[in-house]
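*Asks:* Before I ask anything, let me first share the structure, which is written out below as structure tokens.
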Amino acid sequence: MQFQLPLFPEQASKVAGQVDAFYLFLVLITTFFSLLIAVLILFFIVKYRQSPDRKAVQIHGSTLLEIVWTVIPLGISMVIFIWGAVLYYHIENPPNNSLEIYGVAKQWMWKFQHPGGQREINSLHVPIGRPVKVTLISQDVIHDFFVPAFRVKQDVLPNRYVYSWFTPTKPGTYHLFCSQYCGTNHSAMIGEVVVMQPEDYAEWLASGKAEGSLASQGEKLFQEFSCTTCHRPDSGARGPNLQGLYGRPVRLTDNRVVVADDNYIRESILSPNAKVVAGFQPIMPTFQGVVSEEGLIQITEYIKHMSQQESEPINNRSTPTEIRDNEVPTIQQELQQQGNTRPANPPEKKK
Ligand code: HEC
Ligand SMILES: [Cu+2]
């Protein structure tokens with residue numbers, strides 16, 4: 001039997017090597033200076049030990065020494081800072097061509113949905129060689145999505161979508177942990193990520209029973225919850241037309257402008273009065289406790305899908321506050337000044 005002491009998990013994503021290199025750098029720097037200091041202490045203890053025939057020479061400052069021990073540590077910490085920031089930025093920003101998968105965490109399991117509507121629990125199948133973006137939310141307490149082999153780790157919060165992404169590089173099955181203590185069975189909240197060749201993944205998708213794509217499931221819910229009674233594309237509708245909404249700036253009654261992203265749409269459904277669209281009355285009822293987290297994801301997918309279909313001009317947004325395409329750059333500038341490129345604070349907690 002071979003003795004194995006795996007110091008590191010396998011490297012199974014594109015970023016894994018980069019994270020390890022950075023980590024190794026930190027370890028080496030720390031080791032080097034710890035040893036240097038320890039050795040110098042021993043050396044000085046011996047060299048400057050007390051002896052009767054020696055008198056200490058007093059030194060009153062050395063500018064050169066001060067500069068050296070300021071500049072060198074500053075240089076080293078700037079390297080750590082810049083390297084770390086670049087890596088962090090990379091890890092935090094999923095590429096646009098990512099495969100989008102949705103995960104809902106709950107005590108004590110992981111539930112995933114693929115765009116085609118396939119669902120799985122405590123396992124996540126992904127293809128090799130393509131960026132995968134996992135949009136995550138918790139339906140109860142804080143969890144944490146942790147795949148050591150991919151070197152990704154993301155806290156999963158209630159009431160807010162967060163993202164994790166990775167490009168798998170090696171077929172295999174890898175551990176998925178919840179790494180945030182989340183109650184009695186936290187330690188059992190374990191899953192696996194199965195990385196497959198693209199053709200195997202396609203086959204796997206095809207073999208899954210799905211009741212239609214996420215967007216079409218969302219459309220069904222949209223009918224079921226009678227969203228259509230108010231959100232119709234005609235001008236008599238009481239609610240805004242949702243076509244073309246996704247990703248666009250929205251002006252609110254208090255004149256603030258927010259971008260309609262996943263978090264905004266979720267909040268609009270659960271706490272409709274938190275942000276009221278300019279030109280409309282706050283008549284939308286809350287769907288808190290009515291639509292499940294999975295349902296919210298499906299409805300959002302449906303709304304996104306509406307935006308992708310080339311729709312006729314949005315007609316019932318022709319209130320004085322309508323936002324036209326040529327206004328978008330100005331509004332984005334305004335947003336940047338407000339430092340408010342992300343709209344949704346999580347809706348206020350009840351209780
Ligand atoms: C009683 C009518 C009514 C119903 C039913 C209704 N809404 Fe609304 N909805 C509105 C109105 C009015 C607004 C604009 C005012 C506001 O923001 O609250 C709105 C706003 C929204 C927004 C933000 C739109 C934007 O342009 O920024 C979304 C998203 C939304 N609704 C989704 C839904 C979904 C999904 C459902 C069904 C689960 C639904 N609504 C049901 C009336 C309704
Ligand atoms: Cu957990």
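We label chains A, B, ... in the order they appear in the structure tokens, count residues from 1 in each chain, and number ligands from 1 in the order shown.
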Output the neighbourhood of ligand 2 as a list in words, that is, all protein and nucleic acid residues with some atom at most 10 Å from the ligand, counting only C-alpha atoms and all ligand atoms.
*Replies:* Ala105, Lys106, Gln107, Trp108, Met109, Trp110, Ser138, Asp140, Val141, Ile142, His143, Asp144, Phe145, Asp155, Val156, Phe177, Cys178, Ser179, Gln180, Tyr181, Cys182, Gly183, Thr184, Asn185, His186, Ser187, Ala188, Met189 and Ile190 of chain A
*Asks:* Enumerate residues in contact with ligand 1: an atom-to-atom distance of at most 8 Å, counting only C-alpha atoms and all ligand atoms. Format the result as a ChimeraX atom specification.
*Replies:* /A:221-223,225-231,238-242,245,250-252,260,264-269,272-285,287,291,296,299-300,303
*Asks:* Those same residues, written as a short mmCIF file (atom, residue, chain, number, x, y, z; two decimals), in the first residue's frame with N, CA and C atoms?
*Replies:*
```cif
data_model
loop_
_atom_site.label_atom_id
_atom_site.label_comp_id
_atom_site.auth_asym_id
_atom_site.auth_seq_id
_atom_site.Cartn_x
_atom_site.Cartn_y
_atom_site.Cartn_z
N LEU A 221 -45.72 29.34 -14.10
CA LEU A 221 -45.97 29.99 -12.81
C LEU A 221 -46.55 31.38 -13.00
N PHE A 222 -46.05 32.05 -14.02
CA PHE A 222 -46.49 33.42 -14.32
C PHE A 222 -48.00 33.43 -14.58
N GLN A 223 -48.47 32.38 -15.26
CA GLN A 223 -49.91 32.25 -15.50
C GLN A 223 -50.61 31.87 -14.20
N PHE A 225 -49.92 32.22 -11.08
CA PHE A 225 -50.06 33.23 -10.03
C PHE A 225 -50.73 34.51 -10.58
N SER A 226 -51.26 34.41 -11.77
CA SER A 226 -51.99 35.54 -12.38
C SER A 226 -51.18 36.81 -12.50
N CYS A 227 -49.90 36.68 -12.66
CA CYS A 227 -49.07 37.86 -12.91
C CYS A 227 -49.55 38.53 -14.19
N THR A 228 -50.08 37.70 -15.10
CA THR A 228 -50.49 38.19 -16.41
C THR A 228 -51.63 39.19 -16.34
N THR A 229 -52.44 39.12 -15.27
CA THR A 229 -53.56 40.06 -15.21
C THR A 229 -53.07 41.49 -15.17
N CYS A 230 -51.93 41.72 -14.52
CA CYS A 230 -51.42 43.09 -14.46
C CYS A 230 -50.26 43.32 -15.43
N HIS A 231 -49.46 42.30 -15.66
CA HIS A 231 -48.30 42.49 -16.52
C HIS A 231 -48.61 41.99 -17.92
N ARG A 238 -52.20 47.27 -15.71
CA ARG A 238 -51.97 48.04 -14.49
C ARG A 238 -50.52 47.96 -14.02
N GLY A 239 -49.80 46.98 -14.53
CA GLY A 239 -48.40 46.83 -14.15
C GLY A 239 -47.51 47.06 -15.35
N PRO A 240 -46.23 47.33 -15.13
CA PRO A 240 -45.33 47.56 -16.26
C PRO A 240 -45.14 46.30 -17.11
N ASN A 241 -44.92 46.52 -18.36
CA ASN A 241 -44.59 45.43 -19.27
C ASN A 241 -43.21 44.91 -18.90
N LEU A 242 -43.10 43.62 -18.71
CA LEU A 242 -41.82 43.08 -18.25
C LEU A 242 -40.90 42.71 -19.41
N LEU A 245 -37.21 43.99 -19.79
CA LEU A 245 -36.86 44.57 -18.49
C LEU A 245 -35.47 44.14 -18.03
N VAL A 250 -34.10 50.94 -14.29
CA VAL A 250 -35.50 51.24 -14.03
C VAL A 250 -35.57 52.47 -13.14
N ARG A 251 -36.41 53.43 -13.52
CA ARG A 251 -36.54 54.60 -12.65
C ARG A 251 -37.66 54.35 -11.66
N LEU A 252 -37.40 54.70 -10.39
CA LEU A 252 -38.39 54.45 -9.35
C LEU A 252 -39.13 55.74 -9.01
N ALA A 260 -32.35 46.31 -13.33
CA ALA A 260 -33.22 45.16 -13.12
C ALA A 260 -32.43 43.86 -13.29
N TYR A 264 -33.10 42.36 -8.07
CA TYR A 264 -34.18 43.33 -8.18
C TYR A 264 -35.51 42.64 -8.48
N ILE A 265 -35.46 41.68 -9.41
CA ILE A 265 -36.70 41.01 -9.79
C ILE A 265 -37.25 40.19 -8.62
N ARG A 266 -36.34 39.54 -7.92
CA ARG A 266 -36.76 38.77 -6.76
C ARG A 266 -37.43 39.68 -5.73
N GLU A 267 -36.79 40.81 -5.48
CA GLU A 267 -37.34 41.73 -4.50
C GLU A 267 -38.68 42.29 -4.97
N SER A 268 -38.79 42.56 -6.29
CA SER A 268 -40.04 43.11 -6.82
C SER A 268 -41.20 42.15 -6.59
N ILE A 269 -40.89 40.85 -6.56
CA ILE A 269 -41.97 39.87 -6.39
C ILE A 269 -42.29 39.68 -4.90
N PRO A 272 -42.91 44.05 -3.16
CA PRO A 272 -43.15 44.96 -4.30
C PRO A 272 -43.06 46.43 -3.91
N ASN A 273 -43.31 46.74 -2.65
CA ASN A 273 -43.32 48.15 -2.27
C ASN A 273 -41.94 48.70 -1.92
N ALA A 274 -40.95 47.82 -1.85
CA ALA A 274 -39.61 48.31 -1.50
C ALA A 274 -39.09 49.24 -2.59
N LYS A 275 -39.39 48.93 -3.84
CA LYS A 275 -38.97 49.79 -4.95
C LYS A 275 -40.13 49.84 -5.94
N VAL A 276 -40.78 50.98 -5.98
CA VAL A 276 -41.95 51.11 -6.85
C VAL A 276 -41.55 51.80 -8.15
N VAL A 277 -41.93 51.19 -9.26
CA VAL A 277 -41.56 51.73 -10.56
C VAL A 277 -42.26 53.06 -10.80
N ALA A 278 -41.52 54.06 -11.26
CA ALA A 278 -42.10 55.37 -11.52
C ALA A 278 -43.25 55.26 -12.50
N GLY A 279 -44.31 55.96 -12.22
CA GLY A 279 -45.45 55.97 -13.13
C GLY A 279 -46.47 54.89 -12.80
N PHE A 280 -46.21 54.09 -11.76
CA PHE A 280 -47.15 53.04 -11.40
C PHE A 280 -47.55 53.14 -9.93
N GLN A 281 -48.72 52.60 -9.64
CA GLN A 281 -49.20 52.59 -8.25
C GLN A 281 -48.68 51.34 -7.53
N PRO A 282 -48.43 51.45 -6.23
CA PRO A 282 -47.96 50.28 -5.48
C PRO A 282 -49.08 49.30 -5.18
N ILE A 283 -49.66 48.73 -6.22
CA ILE A 283 -50.82 47.85 -6.01
C ILE A 283 -50.46 46.38 -6.07
N MET A 284 -49.20 46.08 -6.38
CA MET A 284 -48.86 44.67 -6.54
C MET A 284 -48.81 43.97 -5.18
N PRO A 285 -49.51 42.84 -5.05
CA PRO A 285 -49.46 42.13 -3.77
C PRO A 285 -48.12 41.41 -3.60
N PHE A 287 -45.71 38.27 -2.92
CA PHE A 287 -45.79 36.82 -3.14
C PHE A 287 -44.87 36.08 -2.17
N VAL A 291 -44.45 31.93 -3.61
CA VAL A 291 -43.58 31.38 -4.64
C VAL A 291 -42.32 30.84 -3.96
N LEU A 296 -39.08 31.32 -7.92
CA LEU A 296 -38.58 32.66 -8.20
C LEU A 296 -37.51 32.61 -9.29
N ILE A 299 -39.28 32.04 -12.61
CA ILE A 299 -39.95 33.25 -13.11
C ILE A 299 -38.91 34.24 -13.64
N THR A 300 -37.80 34.37 -12.91
CA THR A 300 -36.75 35.29 -13.37
C THR A 300 -36.19 34.83 -14.72
N ILE A 303 -38.59 35.90 -17.29
CA ILE A 303 -38.50 37.33 -17.57
C ILE A 303 -37.26 37.63 -18.42
#
```
*Asks:* Report, in Å with one decimal, the straight-line distance from CA of Ser292 (chain A) to CA of Lys153 (chain A).
*Replies:* 24.9 Å
*Asks:* Find, counting only C-alpha atoms, the residue in A:Val132, A:Ile121, A:Phe112, A:Gln50 that gets nearest to Asn96 (chain A).
*Replies:* A:Val132
*Asks:* Need to verify the contact set: Leu99 (chain A), 10 Å, only C-alpha atoms, exclusion of same-chain residues closer than 5 positions in sequence. Can you return it as a compact mmCIF listing (two decimals) with C-alpha atoms, in the first residue's frame?
*Replies:*
```
# COMPACT_ATOMS: atom_id res chain seq x y z
CA PRO A 94 -18.09 35.08 -14.18
CA HIS A 114 -30.19 23.36 -15.05
CA PRO A 115 -31.45 25.80 -17.69
CA VAL A 126 -21.19 19.96 -15.29
CA PRO A 127 -19.32 19.71 -18.57
CA ARG A 130 -16.52 25.55 -20.12
CA PRO A 131 -17.08 28.25 -17.50
CA VAL A 132 -19.98 27.34 -15.24
CA LYS A 133 -21.72 30.06 -13.27
CA VAL A 134 -23.75 28.90 -10.31
CA TRP A 165 -18.00 30.19 -11.11
CA THR A 167 -14.05 26.10 -15.42
```
*Asks:* Have a look at A:Phe166, A:Asn159, A:Gln139, A:Ala237 and name the one nearest to Ser271 (chain A); count only C-alpha atoms.
*Replies:*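 For Ser271 (chain A), the nearest of the candidates is A:Asn159.
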*Asks:* Taking the backbone alone, and naming residues the way the document does, which bits of region 93-215 of chain A are helix (DSSP H, G or I) by DSSP, as number ranges by chain?
*Replies:* A: 148-150, 186-188, 198-207, 214-215
*Asks:* So what do you get for CA of Ile59 (chain A) versus CA of Ser34 (chain A), distance-wise?
*Replies:*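 Interatomic distance here is 25.9 Å.
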*Asks:* Using only C-alpha atoms, which of A:Tyr48, A:Tyr161, A:Trp83, A:Tyr302 sits nearest Val104 (chain A)?
*Replies:*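 Closest to Val104 (chain A) of all the choices is A:Tyr161.
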*Asks:* Calculate how many Å separate CA of His305 (chain A) from CA of Asp200 (chain A), rounding to one decimal.
*Replies:*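 Interatomic distance, CA of His305 (chain A) to CA of Asp200 (chain A): 26.6 Å.
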*Asks:* Please provide the set of residues having any atom within 12 Å of Tyr88 (chain A), restricted to only C-alpha atoms, with same-chain residues fewer than 3 positions apart removed, written as a ChimeraX atom specification.
*Replies:* /A:15,18-19,22,80-85,91-94,151-153,164
*Asks:* Which of these, A:Gly17, A:Val162, A:Lys304, A:Leu270, has the shortest distance to Val290 (chain A) once you count only C-alpha atoms?
*Replies:*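 Comparing A:Gly17, A:Val162, A:Lys304, A:Leu270 against Val290 (chain A), the winner is A:Leu270.
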*Asks:* If you run DSSP on this backbone, which residues of region 139-302 of chain A come out as strand (DSSP E), and could you give them as an NGL selection string?
*Replies:* :A and (143-147 or 152-156 or 162-166 or 172-178 or 190-196 or 249-251 or 257-259)
*Asks:* At a cut-off of 9 Å, using only C-alpha atoms, what residues contact Ile297 (chain A)? Leave out same-chain residues fewer than 4 positions from it and give the result as a list in words.
*Replies:*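 Everything that qualifies: Tyr102, Leu214, Ala215, Gly218, Asp262, Arg266, Ser292, Glu293, Glu301 and Tyr302 of chain A.
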*Asks:* For the residues in that selection, give me N, CA and C atoms as a compact mmCIF listing (two decimals), in the first residue's frame.
*Replies:*
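Writing done, so here's result05.txt:
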```txt
# COMPACT_ATOMS: atom_id res chain seq x y z
N TYR A 102 -28.47 27.01 -11.40
CA TYR A 102 -29.02 27.66 -10.21
C TYR A 102 -29.02 26.68 -9.05
N LEU A 214 -36.39 25.88 -17.68
CA LEU A 214 -36.68 26.76 -16.54
C LEU A 214 -37.61 27.89 -16.96
N ALA A 215 -37.31 28.47 -18.13
CA ALA A 215 -38.11 29.61 -18.59
C ALA A 215 -39.56 29.19 -18.82
N GLY A 218 -41.20 28.79 -15.65
CA GLY A 218 -41.47 30.11 -15.12
C GLY A 218 -42.71 30.71 -15.76
N ASP A 262 -31.23 39.99 -11.23
CA ASP A 262 -31.93 38.90 -10.51
C ASP A 262 -32.44 39.36 -9.15
N ARG A 266 -36.34 39.54 -7.92
CA ARG A 266 -36.76 38.77 -6.76
C ARG A 266 -37.43 39.68 -5.73
N SER A 292 -41.93 29.62 -4.29
CA SER A 292 -40.73 29.02 -3.69
C SER A 292 -39.47 29.64 -4.28
N GLU A 293 -38.33 29.40 -3.65
CA GLU A 293 -37.07 29.91 -4.21
C GLU A 293 -36.87 29.40 -5.63
N GLU A 301 -36.01 33.51 -14.85
CA GLU A 301 -35.55 32.98 -16.14
C GLU A 301 -36.55 33.34 -17.25
N TYR A 302 -37.81 33.24 -16.91
CA TYR A 302 -38.85 33.57 -17.89
C TYR A 302 -38.77 35.04 -18.28
```
*Asks:* Counting only C-alpha atoms, which residue out of A:Pro73, A:Pro52, A:Gly208, A:Pro148 sits closest to His125 (chain A)?
*Replies:*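 The answer is A:Gly208, which sits nearest to His125 (chain A).
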*Asks:* At a cut-off of 8 Å, using only C-alpha atoms, what residues contact Leu205 (chain A)? Leave out same-chain residues fewer than 3 positions from it and give the result as number ranges by chain.
*Replies:* A: 116, 118, 201-202, 208
